[in-house]
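Take a look at the structure set out below.
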Number of protein chains: 2
Amino acid sequence: MQVWKDYQAQHQDRFLEELLELLRIPSVSADSRFNGDVQKCAEAVKQRLQEAGADNVEVCPTAGHPIVYGEKIIDPSLPTVLVYGHYDVQPADPLELWHSGPFEPVIKDGNIYARGSADDKGQFYMHVKAFETMHRTNTIPCNIKFMIEGEEEVGSANLGIFLEQNKEKLKADVVLISDTSMISLDSPSIDTGLRGLAYMEVEVTGPNRDLHSGVYGGAVANPATILAKMIASLHDENNHITIPGFYDKVQELTAEERAALNAAPFDEEEYKKDLGINDVWGEKGYTTIERTGIRPTLEVNGIWGGYTGEGSKTVLPSKAFAKISMRLVPNQDWHEISDLFTKHFEAIAPKSVTVKVNKHHGGSPYVTPTDSVAYKAAHKAIEATFGKEPIPVRGGGSIPIVALFEKTLGLKTVLMGFGLDSDNLHSPNEKYGVANYYKGIETIPYFHQYFAEMSK
Amino acid sequence: MQVWKDYQAQHQDRFLEELLELLRIPSVSADSRFNGDVQKCAEAVKQRLQEAGADNVEVCPTAGHPIVYGEKIIDPSLPTVLVYGHYDVQPADPLELWHSGPFEPVIKDGNIYARGSADDKGQFYMHVKAFETMHRTNTIPCNIKFMIEGEEEVGSANLGIFLEQNKEKLKADVVLISDTSMISLDSPSIDTGLRGLAYMEVEVTGPNRDLHSGVYGGAVANPATILAKMIASLHDENNHITIPGFYDKVQELTAEERAALNAAPFDEEEYKKDLGINDVWGEKGYTTIERTGIRPTLEVNGIWGGYTGEGSKTVLPSKAFAKISMRLVPNQDWHEISDLFTKHFEAIAPKSVTVKVNKHHGGSPYVTPTDSVAYKAAHKAIEATFGKEPIPVRGGGSIPIVALFEKTLGLKTVLMGFGLDSDNLHSPNEKYGVANYYKGIETIPYFHQYFAEMSK
């Protein structure tokens, strides 16, 4: 619509400035040293929602980081869209690999470089600015509710409780989320599914103290060596995961479904070049698209033990640790998988060590019904602003709460993401394209309009 | 001798006080942040040697940490003993496991708790006080030279050069070192051998940046997982080391030699209880005493990669690292073994990652001839003060420079150590028995006396 175009053209510089301001707040939810900044960020989001025209905006406390809520109810009889996003970000380390400060956003070659630029500040804020556009041009076609949380990067432990306690307030017809990516601005796509997650931490203990590796080496089990052997055994020679029962409930796709999935544009040489690797890796019998989309995985996210400082120390460590997470696909249950992992990991530990396994957090996988009104509205909105039909793809990431929305609120979710896989999510030099940001702000109002029309 | 006894009884409190003062200097050679303290410690050692009566005492600069030299030449025609020790210590971390400050020595239950109390400040300083005893009582029976270095814990990289450049100054008949342990004060023993060392650091690189484990997990080789698989493969199911050629030059002992070795008092239940382990571990077909004495080993001294902070981060790391050291036995050459390790580690790396292997440092194994005058003198000295014959044992640790002494100066070494394996060397709460300290000071003069007599 011309009024949207005009309004956005007129305010685009401010739209960008406001995002940069938000990115300057180091709202790292995983590290308690940043608790103050997380709170500050919640307050900032509240203010921005109010300025954009939302009503009843509040910072809702939880047992962890707060959730920001706001709404615009133009007519209770009209359909309602619940916009979800998160203002918390991943830790920025390793800091030395950033080309500019993770919380000092810079724009280079058309990209905004900052932690959270794509995941998810840059994406949820598109909704705030799209809402402002519709509000200022008096073109809001349906009711809109905002729920922007601060614990997505640590598993949204308190969101479930919040949903339970606010079912009435959160009543809606669909959940709309921009926290995923598309293939490219030339090949727009919509995620029709997300993988689930089960995040574990393991501790292997050998001797009751660090030992001299000369005096005891060779006669006492080294927990770092044992942990390595245990981790090594979790994948077989075909890179199948060896945990008994792990694949039992995995939904196998039909040949047609796999063919459709693999029809998406993908250049393996480009992929390897971008990552600087000589070869891809993964489960035998599946393509890269399948390995990251429809197959469950097990990754070591962190490992540590013994002396890791400068120089050398001839020590046989007392303990070794690892953070290990699994991505799950329909119909794996993350609690069940966590238990299978724990049972297996304890079972394979040799008598010479003791192991402790702790569940960090998790979430169930999700698949979006492509025949729903909301999905069709998203499809049409992207077609309207990109000039071509979006390709349905399976996302490899996880937004644990998507499954929760369905379970607690009975709501389906549409994943209309505008990022790119190459945005360095969770990595140094995270970025988000300025064009992607504007394209999202341009597209979102169409979603609301089509959703309202098609819901009639 | 009574004069020694009387002098030591009279000064024993000061002997202890002086050691505690030395232990308060955090002379950590591996960590450049402590360079100033290492220098300070060298100066303190110089002063103590002068006070004890040594001549020509000097702090000799090297490319790294300095070496303290001092001597007492009573008659060039008499035999000369070169006393070697080191004033540098291992890093103190993990600090949180210390019951008292590593550099705030406390005496508890007859033990001195402090980093370096046993390794090696408490042991080399016995020689300074034994020397003082002989000097003040005018009973020095032979020439004595002191060489106390500051880089033993980091591989003595600069000592070789120092030996080369000071062959004349260091001329002697034997090297005497107290930097090893005995079975117990009730079962005194002498190390007749030491293992060599080859200390490596490996770096495994996967993608050129940390990746989102959801977006890329399952399709890109995870360097932490690959490193685990590579480390796991370094020991086979019998805990034999799998590096081709690793055992080629290993000197196998005869059944008699092994029987003699295993005759040393050893209680496996006690051993397990002390370490808090349910089972020992090691190379099939060998006893614990053999595994730590006459067999080569490979230990992971440290491993790290990915996110190791608080909470969780769903990252697929770009790099993973490990510090890996091997203990060597006669006749393994540490340069050759380092090369075999490097070649093998590079060979087993899958195409999907790149590996870098760096040599930290190393040293060759050593065996003391038990039929030498010096060894017999040590044997007799211990018998004189302990009232029982010492048991010959093979030490598992390494003092890389022992082999160097033979190569450069043509000198054999006697390892007359007074520590215990349970002294927590290289571990939190390192300790040294006050009784062991005094027993050493009491025994050393006898060594010099017998060595002088038996050399006639």
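All residue names refer to the structure tokens as shown: chains lettered A, B, ... in order, residues numbered from 1 in each chain, ligands numbered from 1 in order.
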Margin query: Could you tell me which residues of chain B sit within 6 Å of chain A when counting only C-alpha atoms, and give me the result as a PyMOL selection string?
Written below: chain B and resi 30+207-208+210-212+214-215+218-221+228-229+232+275-282+288+291-292+297+301-308+311+315-316+352+396-397+425-427
Show which residues sit within 10 Å of Ala435 (chain A), as a PDB file with all heavy atoms, in the first residue's frame. Count only C-alpha atoms, and ignore same-chain residues fewer than 2 positions away.
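Contents of the output file around_21.pdb:
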```pdb
ATOM      1  N   GLY A 110      26.344  -2.822   3.744  1.00  0.00           N
ATOM      2  CA  GLY A 110      24.902  -3.054   3.799  1.00  0.00           C
ATOM      3  C   GLY A 110      24.444  -3.979   4.911  1.00  0.00           C
ATOM      4  O   GLY A 110      23.306  -4.418   4.934  1.00  0.00           O
ATOM      5  N   ASN A 111      25.379  -4.314   5.846  1.00  0.00           N
ATOM      6  CA  ASN A 111      24.998  -5.173   6.971  1.00  0.00           C
ATOM      7  C   ASN A 111      25.185  -4.468   8.306  1.00  0.00           C
ATOM      8  O   ASN A 111      26.109  -3.677   8.466  1.00  0.00           O
ATOM      9  CB  ASN A 111      25.845  -6.446   6.975  1.00  0.00           C
ATOM     10  CG  ASN A 111      25.477  -7.369   5.833  1.00  0.00           C
ATOM     11  OD1 ASN A 111      24.314  -7.704   5.645  1.00  0.00           O
ATOM     12  ND2 ASN A 111      26.487  -7.753   5.052  1.00  0.00           N
ATOM     13  N   ILE A 112      24.314  -4.794   9.263  1.00  0.00           N
ATOM     14  CA  ILE A 112      24.446  -4.293  10.622  1.00  0.00           C
ATOM     15  C   ILE A 112      25.202  -5.352  11.416  1.00  0.00           C
ATOM     16  O   ILE A 112      24.706  -6.475  11.598  1.00  0.00           O
ATOM     17  CB  ILE A 112      23.066  -4.077  11.276  1.00  0.00           C
ATOM     18  CG1 ILE A 112      22.178  -3.204  10.389  1.00  0.00           C
ATOM     19  CG2 ILE A 112      23.215  -3.494  12.671  1.00  0.00           C
ATOM     20  CD1 ILE A 112      20.693  -3.398  10.653  1.00  0.00           C
ATOM     21  N   LEU A 185      17.471 -13.016  -0.406  1.00  0.00           N
ATOM     22  CA  LEU A 185      16.452 -12.046  -0.809  1.00  0.00           C
ATOM     23  C   LEU A 185      15.961 -12.365  -2.217  1.00  0.00           C
ATOM     24  O   LEU A 185      14.846 -12.008  -2.594  1.00  0.00           O
ATOM     25  CB  LEU A 185      17.025 -10.626  -0.746  1.00  0.00           C
ATOM     26  CG  LEU A 185      17.275 -10.058   0.662  1.00  0.00           C
ATOM     27  CD1 LEU A 185      17.883  -8.665   0.585  1.00  0.00           C
ATOM     28  CD2 LEU A 185      15.982 -10.013   1.474  1.00  0.00           C
ATOM     29  N   PHE A 418      13.413 -13.242   8.145  1.00  0.00           N
ATOM     30  CA  PHE A 418      14.029 -12.475   7.066  1.00  0.00           C
ATOM     31  C   PHE A 418      15.554 -12.505   7.122  1.00  0.00           C
ATOM     32  O   PHE A 418      16.233 -11.795   6.386  1.00  0.00           O
ATOM     33  CB  PHE A 418      13.521 -11.034   7.089  1.00  0.00           C
ATOM     34  CG  PHE A 418      12.060 -10.924   6.770  1.00  0.00           C
ATOM     35  CD1 PHE A 418      11.101 -11.056   7.782  1.00  0.00           C
ATOM     36  CD2 PHE A 418      11.629 -10.754   5.468  1.00  0.00           C
ATOM     37  CE1 PHE A 418       9.748 -10.970   7.490  1.00  0.00           C
ATOM     38  CE2 PHE A 418      10.276 -10.671   5.170  1.00  0.00           C
ATOM     39  CZ  PHE A 418       9.332 -10.784   6.183  1.00  0.00           C
ATOM     40  N   TYR A 432      23.087  -8.528  10.241  1.00  0.00           N
ATOM     41  CA  TYR A 432      21.740  -8.556   9.667  1.00  0.00           C
ATOM     42  C   TYR A 432      21.706  -7.514   8.560  1.00  0.00           C
ATOM     43  O   TYR A 432      22.160  -6.385   8.754  1.00  0.00           O
ATOM     44  CB  TYR A 432      20.690  -8.255  10.742  1.00  0.00           C
ATOM     45  CG  TYR A 432      19.260  -8.477  10.305  1.00  0.00           C
ATOM     46  CD1 TYR A 432      18.897  -9.626   9.603  1.00  0.00           C
ATOM     47  CD2 TYR A 432      18.261  -7.542  10.597  1.00  0.00           C
ATOM     48  CE1 TYR A 432      17.586  -9.839   9.209  1.00  0.00           C
ATOM     49  CE2 TYR A 432      16.941  -7.751  10.216  1.00  0.00           C
ATOM     50  CZ  TYR A 432      16.610  -8.903   9.513  1.00  0.00           C
ATOM     51  OH  TYR A 432      15.302  -9.111   9.126  1.00  0.00           O
ATOM     52  N   GLY A 433      21.220  -7.928   7.394  1.00  0.00           N
ATOM     53  CA  GLY A 433      21.210  -7.017   6.255  1.00  0.00           C
ATOM     54  C   GLY A 433      20.247  -5.867   6.482  1.00  0.00           C
ATOM     55  O   GLY A 433      19.110  -6.069   6.908  1.00  0.00           O
ATOM     56  N   TYR A 437      16.175  -5.992   6.888  1.00  0.00           N
ATOM     57  CA  TYR A 437      15.429  -5.282   7.946  1.00  0.00           C
ATOM     58  C   TYR A 437      14.282  -4.499   7.335  1.00  0.00           C
ATOM     59  O   TYR A 437      13.112  -4.654   7.728  1.00  0.00           O
ATOM     60  CB  TYR A 437      16.407  -4.374   8.683  1.00  0.00           C
ATOM     61  CG  TYR A 437      15.819  -3.540   9.801  1.00  0.00           C
ATOM     62  CD1 TYR A 437      15.198  -4.128  10.901  1.00  0.00           C
ATOM     63  CD2 TYR A 437      15.904  -2.146   9.758  1.00  0.00           C
ATOM     64  CE1 TYR A 437      14.688  -3.345  11.940  1.00  0.00           C
ATOM     65  CE2 TYR A 437      15.408  -1.361  10.789  1.00  0.00           C
ATOM     66  CZ  TYR A 437      14.794  -1.964  11.879  1.00  0.00           C
ATOM     67  OH  TYR A 437      14.302  -1.191  12.893  1.00  0.00           O
ATOM     68  N   TYR A 438      14.590  -3.706   6.313  1.00  0.00           N
ATOM     69  CA  TYR A 438      13.543  -2.894   5.678  1.00  0.00           C
ATOM     70  C   TYR A 438      12.509  -3.762   4.968  1.00  0.00           C
ATOM     71  O   TYR A 438      11.313  -3.490   4.988  1.00  0.00           O
ATOM     72  CB  TYR A 438      14.166  -1.892   4.706  1.00  0.00           C
ATOM     73  CG  TYR A 438      14.873  -0.731   5.380  1.00  0.00           C
ATOM     74  CD1 TYR A 438      16.129  -0.304   4.950  1.00  0.00           C
ATOM     75  CD2 TYR A 438      14.277  -0.068   6.455  1.00  0.00           C
ATOM     76  CE1 TYR A 438      16.776   0.768   5.575  1.00  0.00           C
ATOM     77  CE2 TYR A 438      14.914   1.000   7.078  1.00  0.00           C
ATOM     78  CZ  TYR A 438      16.160   1.414   6.639  1.00  0.00           C
ATOM     79  OH  TYR A 438      16.789   2.465   7.251  1.00  0.00           O
ATOM     80  N   LYS A 439      12.998  -4.849   4.340  1.00  0.00           N
ATOM     81  CA  LYS A 439      12.087  -5.732   3.606  1.00  0.00           C
ATOM     82  C   LYS A 439      11.075  -6.357   4.567  1.00  0.00           C
ATOM     83  O   LYS A 439       9.889  -6.495   4.253  1.00  0.00           O
ATOM     84  CB  LYS A 439      12.886  -6.827   2.905  1.00  0.00           C
ATOM     85  CG  LYS A 439      12.196  -7.387   1.682  1.00  0.00           C
ATOM     86  CD  LYS A 439      12.204  -6.380   0.545  1.00  0.00           C
ATOM     87  CE  LYS A 439      11.445  -6.916  -0.649  1.00  0.00           C
ATOM     88  NZ  LYS A 439      11.148  -5.836  -1.619  1.00  0.00           N
ATOM     89  N   GLY A 440      11.553  -6.678   5.765  1.00  0.00           N
ATOM     90  CA  GLY A 440      10.655  -7.251   6.759  1.00  0.00           C
ATOM     91  C   GLY A 440       9.597  -6.253   7.190  1.00  0.00           C
ATOM     92  O   GLY A 440       8.400  -6.570   7.238  1.00  0.00           O
ATOM     93  N   ILE A 441      10.047  -5.013   7.447  1.00  0.00           N
ATOM     94  CA  ILE A 441       9.105  -3.962   7.874  1.00  0.00           C
ATOM     95  C   ILE A 441       8.070  -3.726   6.775  1.00  0.00           C
ATOM     96  O   ILE A 441       6.891  -3.495   7.046  1.00  0.00           O
ATOM     97  CB  ILE A 441       9.872  -2.657   8.191  1.00  0.00           C
ATOM     98  CG1 ILE A 441      10.835  -2.888   9.366  1.00  0.00           C
ATOM     99  CG2 ILE A 441       8.911  -1.523   8.509  1.00  0.00           C
ATOM    100  CD1 ILE A 441      11.771  -1.728   9.654  1.00  0.00           C
TER     101      ILE A 441
END
```
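Within 6 Å of region 387-392 of chain B there are Pro188, Ser189, Ile190, Asp191 and Thr192 of chain B, counting only C-alpha atoms and ignoring same-chain residues fewer than 6 positions away.
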Save out the residues we just selected, C-alpha atoms, as a PDB file, in the first residue's frame.
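Result file selection_31.pdb:
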```
ATOM      1  CA  PRO B 188      62.876 -45.316  52.155  1.00  0.00           C
ATOM      2  CA  SER B 189      63.631 -45.767  48.467  1.00  0.00           C
ATOM      3  CA  ILE B 190      65.834 -44.326  45.742  1.00  0.00           C
ATOM      4  CA  ASP B 191      64.690 -43.672  42.170  1.00  0.00           C
ATOM      5  CA  THR B 192      66.944 -45.592  39.829  1.00  0.00           C
TER       6      THR B 192
END
```
Q.
I'd like the contact shell of Ala52 (chain A) - 12 Å cut-off, only C-alpha atoms, skipping same-chain residues fewer than 3 positions apart - returned as a PyMOL selection string.
A. chain A and resi 15+18+45-49+55+57+70-72+125-137+146
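The space between CA of Thr413 (chain B) and CA of Ala260 (chain B) spans 21.7 Å.
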Margin query: At a cut-off of 9 Å, using only C-alpha atoms, what residues contact Phe162 (chain B)? Leave out same-chain residues fewer than 5 positions from it and give the result as a PyMOL selection string.
Written below: chain B and resi 60+62+67+167
Surrounding residues of Glu43 (chain B) excluding itself and chain neighbours under 3 positions, 12 Å, only C-alpha atoms, as a list in words:
Leu22, Ile25, Ser27, Gly36, Asp37, Val38, Gln39, Lys40, Lys46, Gln47, Arg48, Leu49, Gln50, Val57, Glu58, Val59, Cys60, Pro61, His65, Pro66, Ile67, Val68, Tyr69, Tyr87, Ile148, Glu149 and Gly150 of chain B
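All residues of protein, DNA or RNA that reach within 9 Å of Ala384 (chain A), judged by only C-alpha atoms and not counting those fewer than 5 positions away in the chain, are His379, Glu389, Thr443 and Tyr446 of chain A.
You can rank B:Leu420, B:Ala381, B:Ile144, B:Ile294 by their closest distance to Tyr450 (chain B) using only C-alpha atoms, and at the top of that list sits B:Ala381.
Nearest residue to Leu16 (chain B), choosing from B:Leu95, B:Val81, B:Val106, B:Ala157 and counting only C-alpha atoms: B:Val106.
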